[in-house]
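model_4.cif follows; it contains mmCIF, C-alpha atoms.
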```
data_model
loop_
_atom_site.label_atom_id
_atom_site.label_comp_id
_atom_site.auth_asym_id
_atom_site.auth_seq_id
_atom_site.Cartn_x
_atom_site.Cartn_y
_atom_site.Cartn_z
CA MET Z 23 -107.24 48.27 -35.86
CA ALA Z 24 -109.46 45.33 -36.86
CA LEU Z 25 -108.67 43.43 -33.65
CA ARG Z 26 -110.39 40.15 -32.84
CA TRP Z 27 -110.16 38.32 -29.52
CA VAL Z 28 -109.31 34.65 -30.06
CA SER Z 29 -108.08 33.34 -26.70
CA GLY Z 30 -107.48 34.22 -23.05
CA MET Z 31 -110.80 36.01 -22.66
CA ARG Z 32 -110.72 35.57 -18.88
CA GLY Z 33 -107.87 38.11 -18.84
CA GLU Z 34 -110.23 40.94 -19.68
CA SER Z 35 -109.53 42.65 -16.33
CA ARG Z 36 -105.89 43.41 -17.21
CA VAL Z 37 -105.36 47.15 -17.61
CA LEU Z 38 -102.72 49.67 -18.59
CA GLU Z 39 -102.26 52.17 -15.78
CA ARG Z 40 -101.00 55.73 -16.06
CA GLY Z 41 -97.40 56.00 -14.89
CA ALA Z 42 -96.69 52.28 -15.22
CA THR Z 43 -93.92 52.92 -17.75
CA THR Z 44 -91.93 54.95 -15.23
CA THR Z 45 -91.47 51.99 -12.89
CA ARG Z 46 -90.44 49.35 -15.39
CA ARG Z 47 -88.04 49.18 -18.27
CA PRO Z 48 -90.26 47.70 -21.05
CA SER Z 49 -92.31 50.02 -23.25
CA LEU Z 50 -96.07 50.01 -23.50
CA ILE Z 51 -96.08 48.22 -26.82
CA GLY Z 52 -93.49 46.57 -29.02
CA TYR Z 53 -92.55 43.49 -30.98
CA LEU Z 54 -92.11 40.17 -29.19
CA ASN Z 55 -89.48 40.57 -26.48
CA VAL Z 56 -88.58 37.58 -24.33
CA ILE Z 57 -86.00 39.36 -22.15
CA TYR Z 58 -88.00 42.53 -21.36
CA PRO Z 59 -91.58 41.74 -22.42
CA ASN Z 60 -93.66 44.74 -23.40
CA LYS Z 61 -97.05 45.43 -21.87
CA ILE Z 62 -98.57 44.71 -25.29
CA GLN Z 63 -96.62 42.21 -27.39
CA ILE Z 64 -96.87 42.32 -31.18
CA ILE Z 65 -96.20 38.98 -32.87
CA GLY Z 66 -95.48 39.31 -36.58
CA THR Z 67 -94.05 37.06 -39.25
CA GLU Z 68 -90.45 37.36 -37.99
CA GLU Z 69 -91.49 36.62 -34.42
CA LEU Z 70 -93.40 33.51 -35.44
CA ASN Z 71 -90.38 32.39 -37.49
CA PHE Z 72 -88.19 32.91 -34.41
CA LEU Z 73 -90.44 30.65 -32.36
CA ASP Z 74 -90.51 28.07 -35.14
CA GLY Z 75 -86.69 28.01 -35.08
CA LEU Z 76 -86.59 26.87 -31.45
CA ASP Z 77 -86.78 23.26 -30.35
CA SER Z 78 -89.93 22.15 -28.57
CA ARG Z 79 -88.54 22.68 -25.03
CA GLN Z 80 -87.10 26.13 -25.77
CA ARG Z 81 -90.27 27.16 -27.57
CA TRP Z 82 -92.47 26.14 -24.64
CA GLU Z 83 -90.18 27.92 -22.16
CA ALA Z 84 -90.14 31.11 -24.28
CA ILE Z 85 -93.92 31.25 -24.63
CA ASN Z 86 -94.48 30.57 -20.92
CA LYS Z 87 -91.86 33.17 -19.94
CA ILE Z 88 -93.70 35.79 -21.97
CA ALA Z 89 -97.03 34.86 -20.40
CA ALA Z 90 -95.47 34.87 -16.89
CA TYR Z 91 -94.88 38.64 -17.19
CA GLN Z 92 -98.66 39.03 -17.54
CA PRO Z 93 -98.77 41.28 -20.59
CA VAL Z 94 -102.02 43.12 -21.16
CA ALA Z 95 -102.33 41.40 -24.54
CA MET Z 96 -100.51 39.65 -27.37
CA ILE Z 97 -101.40 40.57 -30.95
CA VAL Z 98 -100.77 38.37 -33.98
CA THR Z 99 -100.59 40.45 -37.17
CA LYS Z 100 -101.71 39.99 -40.78
CA ASP Z 101 -104.31 37.33 -39.93
CA GLN Z 102 -101.59 34.70 -39.66
CA ALA Z 103 -102.34 31.23 -38.39
CA ILE Z 104 -102.01 31.18 -34.59
CA PRO Z 105 -99.87 28.30 -33.31
CA ALA Z 106 -101.78 25.87 -31.13
CA ASP Z 107 -99.28 26.08 -28.25
CA LEU Z 108 -99.51 29.90 -28.20
CA ARG Z 109 -103.29 29.72 -28.07
CA GLU Z 110 -103.11 27.08 -25.32
CA VAL Z 111 -100.73 29.08 -23.13
CA ALA Z 112 -102.86 32.20 -23.56
CA GLU Z 113 -105.93 30.28 -22.43
CA GLU Z 114 -104.19 28.64 -19.46
CA THR Z 115 -102.62 31.90 -18.19
CA ASN Z 116 -105.64 34.13 -18.99
CA THR Z 117 -103.48 36.22 -21.32
CA PRO Z 118 -105.60 38.04 -23.93
CA LEU Z 119 -104.59 36.94 -27.42
CA TRP Z 120 -105.78 39.12 -30.29
CA ILE Z 121 -105.38 38.90 -34.04
CA SER Z 122 -105.50 41.67 -36.63
CA SER Z 123 -105.36 41.98 -40.39
CA LYS Z 124 -103.08 45.02 -40.03
CA ARG Z 125 -99.32 44.92 -40.40
CA GLY Z 126 -97.16 45.12 -37.29
CA HIS Z 127 -95.76 48.59 -37.93
CA GLU Z 128 -99.27 49.97 -38.44
CA LEU Z 129 -100.41 48.61 -35.09
CA LEU Z 130 -97.24 49.79 -33.38
CA THR Z 131 -97.40 53.34 -34.74
CA TRP Z 132 -101.12 53.81 -34.07
CA MET Z 133 -101.13 52.32 -30.58
CA GLN Z 134 -97.91 54.02 -29.48
CA TYR Z 135 -99.38 57.42 -30.33
CA HIS Z 136 -102.79 56.93 -28.77
CA LEU Z 137 -101.62 55.03 -25.69
CA ALA Z 138 -98.96 57.63 -24.98
CA ARG Z 139 -101.57 60.41 -25.07
CA MET Z 140 -104.17 58.52 -23.05
CA LEU Z 141 -101.71 57.46 -20.34
CA ALA Z 142 -99.68 60.69 -20.23
CA PRO Z 143 -99.52 62.68 -16.96
CA LYS Z 144 -102.48 65.05 -16.62
CA MET Z 145 -103.40 67.93 -14.34
CA THR Z 146 -106.06 70.63 -14.13
CA LEU Z 147 -105.02 74.25 -13.60
CA HIS Z 148 -107.19 77.21 -12.64
CA GLY Z 149 -107.22 79.99 -15.21
CA VAL Z 150 -108.33 80.92 -18.71
CA PHE Z 151 -106.50 79.28 -21.62
CA LEU Z 152 -106.52 81.09 -24.96
CA GLU Z 153 -104.76 81.16 -28.28
CA VAL Z 154 -103.27 84.63 -28.73
CA PHE Z 155 -101.36 85.28 -31.96
CA SER Z 156 -101.09 81.48 -32.44
CA ILE Z 157 -99.49 81.11 -28.97
CA GLY Z 158 -101.14 79.10 -26.19
CA VAL Z 159 -101.47 81.50 -23.24
CA LEU Z 160 -102.73 80.59 -19.76
CA ILE Z 161 -104.06 83.61 -17.84
CA THR Z 162 -103.92 83.09 -14.09
CA GLY Z 163 -104.57 85.27 -11.07
CA GLU Z 164 -106.53 85.62 -7.88
CA SER Z 165 -110.31 85.25 -7.88
CA GLY Z 166 -111.83 88.53 -9.05
CA SER Z 167 -108.65 89.75 -10.75
CA GLY Z 168 -110.47 90.04 -14.09
CA LYS Z 169 -109.33 86.92 -15.94
CA SER Z 170 -112.68 86.23 -17.61
CA GLU Z 171 -113.25 89.89 -18.53
CA LEU Z 172 -109.79 89.97 -20.06
CA ALA Z 173 -110.52 86.77 -21.96
CA LEU Z 174 -113.77 88.25 -23.29
CA GLU Z 175 -111.91 91.34 -24.51
CA LEU Z 176 -109.25 89.22 -26.21
CA ILE Z 177 -111.91 87.07 -27.89
CA SER Z 178 -113.64 90.20 -29.19
CA ARG Z 179 -110.26 91.24 -30.65
CA GLY Z 180 -110.07 88.05 -32.71
CA HIS Z 181 -108.25 85.64 -30.41
CA ARG Z 182 -109.62 82.21 -29.51
CA LEU Z 183 -110.83 80.54 -26.33
CA VAL Z 184 -109.66 77.05 -25.40
CA ALA Z 185 -110.94 76.69 -21.83
CA ASP Z 186 -112.25 78.82 -18.99
CA ASP Z 187 -111.71 78.29 -15.28
CA ALA Z 188 -110.37 74.71 -15.43
CA THR Z 189 -108.00 73.66 -18.20
CA GLU Z 190 -106.80 70.08 -18.50
CA PHE Z 191 -103.12 69.84 -19.38
CA THR Z 192 -101.35 66.73 -20.67
CA LEU Z 193 -97.60 66.15 -20.95
CA ILE Z 194 -97.47 64.63 -24.45
CA ALA Z 195 -93.68 64.99 -24.86
CA PRO Z 196 -90.78 65.79 -22.49
CA ASP Z 197 -91.20 69.54 -23.12
CA VAL Z 198 -94.62 69.78 -24.79
CA ILE Z 199 -97.75 70.46 -22.71
CA ASP Z 200 -101.11 70.23 -24.46
CA GLY Z 201 -104.12 72.02 -23.00
CA ASN Z 202 -107.77 71.32 -23.73
CA CYS Z 203 -111.19 72.01 -22.31
CA PRO Z 204 -113.26 69.54 -20.26
CA GLU Z 205 -116.40 68.47 -22.10
CA LEU Z 206 -118.60 70.03 -19.43
CA LEU Z 207 -117.13 73.53 -20.03
CA GLN Z 208 -116.80 73.34 -23.82
CA ASP Z 209 -117.35 76.76 -25.52
CA LEU Z 210 -118.42 78.38 -22.23
CA LEU Z 211 -117.04 81.49 -20.50
CA GLU Z 212 -118.30 82.73 -17.14
CA VAL Z 213 -118.17 86.51 -16.64
CA ARG Z 214 -119.27 88.15 -13.40
CA GLY Z 215 -122.44 90.13 -13.91
CA LEU Z 216 -123.22 88.42 -17.22
CA GLY Z 217 -123.22 84.80 -16.15
CA VAL Z 218 -122.24 81.95 -18.46
CA LEU Z 219 -121.71 82.91 -22.11
CA ASN Z 220 -121.53 80.59 -25.11
CA VAL Z 221 -118.55 81.94 -27.01
CA ARG Z 222 -119.13 79.78 -30.09
CA GLU Z 223 -122.71 81.01 -30.51
CA MET Z 224 -121.83 84.66 -29.79
CA PHE Z 225 -118.63 85.04 -31.82
CA GLY Z 226 -118.72 82.13 -34.26
CA HIS Z 227 -116.90 78.84 -34.64
CA THR Z 228 -113.52 80.52 -35.19
CA ALA Z 229 -113.64 82.03 -31.69
CA VAL Z 230 -112.93 78.70 -29.99
CA LYS Z 231 -110.23 76.09 -30.36
CA GLN Z 232 -110.27 72.51 -29.13
CA SER Z 233 -106.68 72.33 -27.85
CA LYS Z 234 -103.38 74.22 -27.90
CA TYR Z 235 -99.82 73.76 -26.69
CA LEU Z 236 -99.00 75.83 -23.59
CA ARG Z 237 -96.19 78.28 -24.35
CA LEU Z 238 -96.72 81.21 -21.97
CA VAL Z 239 -98.32 81.99 -18.61
CA VAL Z 240 -99.62 85.50 -17.94
CA HIS Z 241 -100.25 86.10 -14.25
CA LEU Z 242 -102.47 89.00 -13.16
CA LYS Z 243 -101.27 90.55 -9.91
CA PRO Z 244 -103.23 93.32 -8.16
CA MET Z 245 -101.09 96.42 -7.68
CA ARG Z 246 -100.86 97.26 -3.99
CA ASP Z 247 -100.78 100.82 -2.64
CA GLY Z 248 -97.23 102.02 -2.16
CA GLU Z 249 -95.81 98.99 -3.95
CA ASP Z 250 -93.08 99.80 -6.44
CA THR Z 251 -90.80 97.82 -8.69
CA ASP Z 252 -87.04 97.97 -8.88
CA GLY Z 253 -85.27 99.59 -11.80
CA LEU Z 254 -84.25 96.35 -13.53
CA THR Z 255 -87.82 95.05 -13.47
CA ARG Z 256 -88.93 98.30 -15.08
CA LEU Z 257 -86.58 97.49 -17.96
CA THR Z 258 -87.07 93.74 -18.39
CA GLY Z 259 -90.59 93.32 -17.07
CA ASP Z 260 -91.61 90.94 -14.30
CA VAL Z 261 -90.60 87.74 -16.08
CA GLY Z 262 -89.93 84.30 -14.67
CA HIS Z 263 -91.00 80.69 -15.06
CA ARG Z 264 -93.73 78.44 -13.73
CA GLU Z 265 -92.96 74.76 -13.34
CA ILE Z 266 -95.63 72.48 -14.79
CA PHE Z 267 -94.84 68.77 -15.12
CA GLU Z 268 -91.22 69.74 -14.32
CA VAL Z 269 -91.25 71.88 -17.48
CA GLN Z 270 -90.18 75.51 -17.06
CA VAL Z 271 -92.93 77.52 -18.79
CA PRO Z 272 -92.17 81.26 -19.29
CA MET Z 273 -94.36 83.45 -17.08
CA ILE Z 274 -95.02 87.19 -17.24
CA THR Z 275 -96.62 88.97 -14.30
CA ILE Z 276 -98.75 92.00 -15.18
CA PRO Z 277 -99.81 94.39 -12.40
CA VAL Z 278 -103.55 95.06 -12.42
CA ALA Z 279 -104.74 98.59 -11.66
CA PRO Z 280 -107.72 100.75 -12.67
CA GLY Z 281 -107.31 102.26 -16.12
CA ARG Z 282 -104.83 99.70 -17.46
CA ASN Z 283 -105.77 98.14 -20.79
CA LEU Z 284 -104.97 94.53 -19.98
CA ALA Z 285 -105.91 93.20 -23.41
CA VAL Z 286 -103.34 95.43 -25.09
CA LEU Z 287 -100.76 94.51 -22.44
CA VAL Z 288 -101.33 90.77 -22.97
CA GLU Z 289 -101.04 91.16 -26.74
CA ALA Z 290 -97.80 93.11 -26.27
CA ALA Z 291 -96.51 90.48 -23.84
CA VAL Z 292 -97.19 87.71 -26.37
CA ARG Z 293 -95.54 89.66 -29.20
CA ASN Z 294 -92.52 90.35 -26.99
CA HIS Z 295 -92.33 86.66 -26.03
CA MET Z 296 -92.34 85.73 -29.71
CA LEU Z 297 -89.49 88.18 -30.35
CA LYS Z 298 -87.46 86.74 -27.47
CA SER Z 299 -87.96 83.24 -28.83
CA LYS Z 300 -86.33 84.50 -32.03
CA GLY Z 301 -83.37 85.94 -30.09
CA ILE Z 302 -84.57 89.55 -30.06
CA ASP Z 303 -84.57 91.06 -26.55
CA PRO Z 304 -85.49 94.79 -26.52
CA ALA Z 305 -84.52 95.23 -22.87
CA GLN Z 306 -81.07 93.74 -23.44
CA THR Z 307 -80.68 95.87 -26.56
CA PHE Z 308 -81.36 99.01 -24.52
CA ILE Z 309 -78.91 97.91 -21.78
CA ASP Z 310 -76.22 97.27 -24.41
CA ARG Z 311 -76.84 100.68 -25.98
CA GLN Z 312 -76.57 102.36 -22.61
CA ALA Z 313 -73.32 100.55 -21.82
CA HIS Z 314 -71.91 101.53 -25.22
CA GLN Z 315 -72.93 105.16 -24.67
CA MET Z 316 -71.26 105.24 -21.26
CA ARG Z 317 -68.04 103.88 -22.73
CA ARG Z 318 -68.04 106.74 -25.22
CA LEU Z 319 -68.27 109.41 -22.54
CA PRO Z 320 -64.96 111.12 -21.66
CA PRO Z 321 -63.51 110.21 -18.24
CA TRP Z 322 -64.07 112.73 -15.45
#
```

Just dump the structure as structure tokens.
Amino acid sequence: MALRWVSGMRGESRVLERGATTTRRPSLIGYLNVIYPNKIQIIGTEELNFLDGLDSRQRWEAINKIAAYQPVAMIVTKDQAIPADLREVAEETNTPLWISSKRGHELLTWMQYHLARMLAPKMTLHGVFLEVFSIGVLITGESGSGKSELALELISRGHRLVADDATEFTLIAPDVIDGNCPELLQDLLEVRGLGVLNVREMFGHTAVKQSKYLRLVVHLKPMRDGEDTDGLTRLTGDVGHREIFEVQVPMITIPVAPGRNLAVLVEAAVRNHMLKSKGIDPAQTFIDRQAHQMRRLPPW
């Protein structure tokens, strides 16, 4: 962004904290705002003209009011001449004053995007995160349920690993959750009996992906002896939702039992999820056909 620090260097300890935007009305960054100052104030040509249009008393009050809110920084754009009173107030109040050769909208667009991602809510979830048929799928389950073995089978079938064991998720939009792998676990998959495997070296660079949006959770549930499912679940599957960042993420529970091909079941679950997202529900189609057939039967 070609930023240069010109005044208020004693304000270097000011920071932007995660979640700060939820407790105050101003945005993280924006053009000069005297009423609701932003955390980072951009001062462009129009803003300097606005200050020049004020009389000396109003101008001094406006500049001091902005500094009183303790913004993280003020940025003057396009290498414009910095007014002496603005530089003086920044120095007296320890408010960082930067200057850039970039235009205001370039700074605003770039910083809004990167600050929003860096300060977005984050959490780490236990499970294996993969890209299956271009869909981000988080496989969860109890320890020893076979998550890593299932992931290894899916990778060998051409799908891609994002993260094993601990996936970092970030809420980058109100309904968009991005998942990526911690640097420590990059490209690695731990399988019981085999130890830690390097997926990139074993299967090639196309077998791993840096990040993916979370669209589906597949939960592995051990099948208990004598446990049975009701008739409706047999038709629709054990479907529900898991709340992550207050976002309802579709979840499918797959019973785990000896002899079941979990890789095929996960692929089928993802394909079925994709169909449902297009408005095609096979279970509902069957129920509608059955209801139509019953209506055609003669009354007793």

Residue with smallest distance to Z:Leu287 - pool Z:Met245, Z:Leu25, Z:Ile274, Z:Ala138, counting all atoms listed in the file: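 Going through Z:Met245, Z:Leu25, Z:Ile274, Z:Ala138 one by one, the smallest distance to Z:Leu287 is for Z:Ile274.
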
Given all atoms listed in the file as the counted atoms, nearest of Z:Thr117, Z:Gln92, Z:Asn60, Z:Thr228 to Z:Met31: Z:Thr117

For Z:Pro277: contacts at 12 Å, all atoms listed in the file, fewer than 3 positions along chain excluded, given as a ChimeraX atom specification: /Z:163-164,167-168,240-247,249-251,256,259-261,274,280-284,287-288

Only C-alpha atoms, please: the residues just picked out, written as a short mmCIF file (atom, residue, chain, number, x, y, z; two decimals), in the coordinates of the input.
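Saved the output as part.cif:
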```
data_model
loop_
_atom_site.label_atom_id
_atom_site.label_comp_id
_atom_site.auth_asym_id
_atom_site.auth_seq_id
_atom_site.Cartn_x
_atom_site.Cartn_y
_atom_site.Cartn_z
CA GLY Z 163 -104.57 85.27 -11.07
CA GLU Z 164 -106.53 85.62 -7.88
CA SER Z 167 -108.65 89.75 -10.75
CA GLY Z 168 -110.47 90.04 -14.09
CA VAL Z 240 -99.62 85.50 -17.94
CA HIS Z 241 -100.25 86.10 -14.25
CA LEU Z 242 -102.47 89.00 -13.16
CA LYS Z 243 -101.27 90.55 -9.91
CA PRO Z 244 -103.23 93.32 -8.16
CA MET Z 245 -101.09 96.42 -7.68
CA ARG Z 246 -100.86 97.26 -3.99
CA ASP Z 247 -100.78 100.82 -2.64
CA GLU Z 249 -95.81 98.99 -3.95
CA ASP Z 250 -93.08 99.80 -6.44
CA THR Z 251 -90.80 97.82 -8.69
CA ARG Z 256 -88.93 98.30 -15.08
CA GLY Z 259 -90.59 93.32 -17.07
CA ASP Z 260 -91.61 90.94 -14.30
CA VAL Z 261 -90.60 87.74 -16.08
CA ILE Z 274 -95.02 87.19 -17.24
CA PRO Z 280 -107.72 100.75 -12.67
CA GLY Z 281 -107.31 102.26 -16.12
CA ARG Z 282 -104.83 99.70 -17.46
CA ASN Z 283 -105.77 98.14 -20.79
CA LEU Z 284 -104.97 94.53 -19.98
CA LEU Z 287 -100.76 94.51 -22.44
CA VAL Z 288 -101.33 90.77 -22.97
#
```

Which residue out of Z:Ile302, Z:Ala229, Z:Ile194, Z:Val154 has the minimum interatomic distance to Z:Val286 when only C-alpha atoms are used?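 Closest candidate: Z:Val154.
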
Between atom CA of Z:Asp186 and atom CA of Z:Val278, what is the distance, to one decimal in Å? 19.6 Å

Any idea what's packed within 12 Å of Z:His181, counting only C-alpha atoms, ignoring anything in its chain fewer than 5 positions away? Could you give it as a VMD selection string? chain Z and resid 151 to 159 172 to 176 221 225 to 231 285 288 to 289 292

Could you check how far atom CA of Z:Ser123 sits from atom CA of Z:Gln102, in Å to one decimal?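 Result for atom CA of Z:Ser123 versus atom CA of Z:Gln102: 8.2 Å, one decimal.
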
I'd like to see the residues matched by the PyMOL selection byres ((chain Z and resi 90) around 12) on this file, and ideally I'd get them as a compact mmCIF listing (two decimals) with C-alpha atoms, in the frame of the given file.
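Heads up, here's the output in part_37.txt:
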```
# COMPACT_ATOMS: atom_id res chain seq x y z
CA VAL Z 56 -88.58 37.58 -24.33
CA ILE Z 57 -86.00 39.36 -22.15
CA TYR Z 58 -88.00 42.53 -21.36
CA PRO Z 59 -91.58 41.74 -22.42
CA ASN Z 60 -93.66 44.74 -23.40
CA LYS Z 61 -97.05 45.43 -21.87
CA GLU Z 83 -90.18 27.92 -22.16
CA ALA Z 84 -90.14 31.11 -24.28
CA ILE Z 85 -93.92 31.25 -24.63
CA ASN Z 86 -94.48 30.57 -20.92
CA LYS Z 87 -91.86 33.17 -19.94
CA ILE Z 88 -93.70 35.79 -21.97
CA ALA Z 89 -97.03 34.86 -20.40
CA TYR Z 91 -94.88 38.64 -17.19
CA GLN Z 92 -98.66 39.03 -17.54
CA PRO Z 93 -98.77 41.28 -20.59
CA VAL Z 94 -102.02 43.12 -21.16
CA VAL Z 111 -100.73 29.08 -23.13
CA ALA Z 112 -102.86 32.20 -23.56
CA GLU Z 114 -104.19 28.64 -19.46
CA THR Z 115 -102.62 31.90 -18.19
CA ASN Z 116 -105.64 34.13 -18.99
CA THR Z 117 -103.48 36.22 -21.32
```

Kindly indicate which residue among Z:Gln312, Z:Ser170, Z:Thr258, Z:Thr146 lies nearest to Z:Thr192, using only C-alpha atoms for the distances.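 When distances to Z:Thr192 are compared using only C-alpha atoms, the smallest one comes from Z:Thr146.
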
Selection result for the PyMOL selection byres ((chain Z and resi 212) around 12) on this file, as a PyMOL selection string: chain Z and resi 149-150+166+168-174+185-188+207-211+213-221

Quick one: pull the distance between atom CA of Z:Ala24 and atom CA of Z:His127, Å, one decimal.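 Going from atom CA of Z:Ala24 over to atom CA of Z:His127 covers 14.1 Å.
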
Applying 9 Å and only C-alpha atoms, which residues near Z:Val271 remain after dropping the ones on its own chain fewer than 2 positions away? List them as a PDB file with C-alpha atoms, in the coordinates of the input.
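Heads up, here's the output in around04.pdb:
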```
ATOM      1  CA  LEU Z 236     -99.000  75.830 -23.590  1.00  0.00           C
ATOM      2  CA  ARG Z 237     -96.190  78.280 -24.350  1.00  0.00           C
ATOM      3  CA  LEU Z 238     -96.720  81.210 -21.970  1.00  0.00           C
ATOM      4  CA  VAL Z 239     -98.320  81.990 -18.610  1.00  0.00           C
ATOM      5  CA  GLY Z 262     -89.930  84.300 -14.670  1.00  0.00           C
ATOM      6  CA  HIS Z 263     -91.000  80.690 -15.060  1.00  0.00           C
ATOM      7  CA  ARG Z 264     -93.730  78.440 -13.730  1.00  0.00           C
ATOM      8  CA  GLU Z 265     -92.960  74.760 -13.340  1.00  0.00           C
ATOM      9  CA  ILE Z 266     -95.630  72.480 -14.790  1.00  0.00           C
ATOM     10  CA  VAL Z 269     -91.250  71.880 -17.480  1.00  0.00           C
ATOM     11  CA  MET Z 273     -94.360  83.450 -17.080  1.00  0.00           C
TER      12      MET Z 273
END
```

I need the residue set behind the PyMOL selection byres ((chain Z and resi 101) around 8) for this file; please write it as a list of chain:residue names.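 Checking the PyMOL selection byres ((chain Z and resi 101) around 8) against this file, the residues are Z:Val98, Z:Thr99, Z:Lys100, Z:Gln102, Z:Ala103, Z:Ile121, Z:Ser122, Z:Ser123, Z:Lys124.
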
In terms of the shortest atom-to-atom distance over all atoms listed in the file, which of Z:Arg125, Z:Ser78, Z:Ala313, Z:Pro118 is closest to Z:Ser35? Z:Pro118

With only C-alpha atoms as the atoms that count, which of Z:Ser29, Z:Asn55, Z:Gln270, Z:Gln63 lies nearest to Z:Arg109?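 Among the listed residues, Z:Ser29 lies closest to Z:Arg109.
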
Please write out, as lines of an AutoDock Vina configuration file, where the centre of an axis-aligned box around all listed atoms of stretch 188-198 of chain Z lies and how long its edges are, in Å to one decimal, after adding 5 Å on each side.
```
center_x = -100.6
center_y = 69.7
center_z = -20.1
size_x = 29.6
size_y = 20.1
size_z = 19.4
```
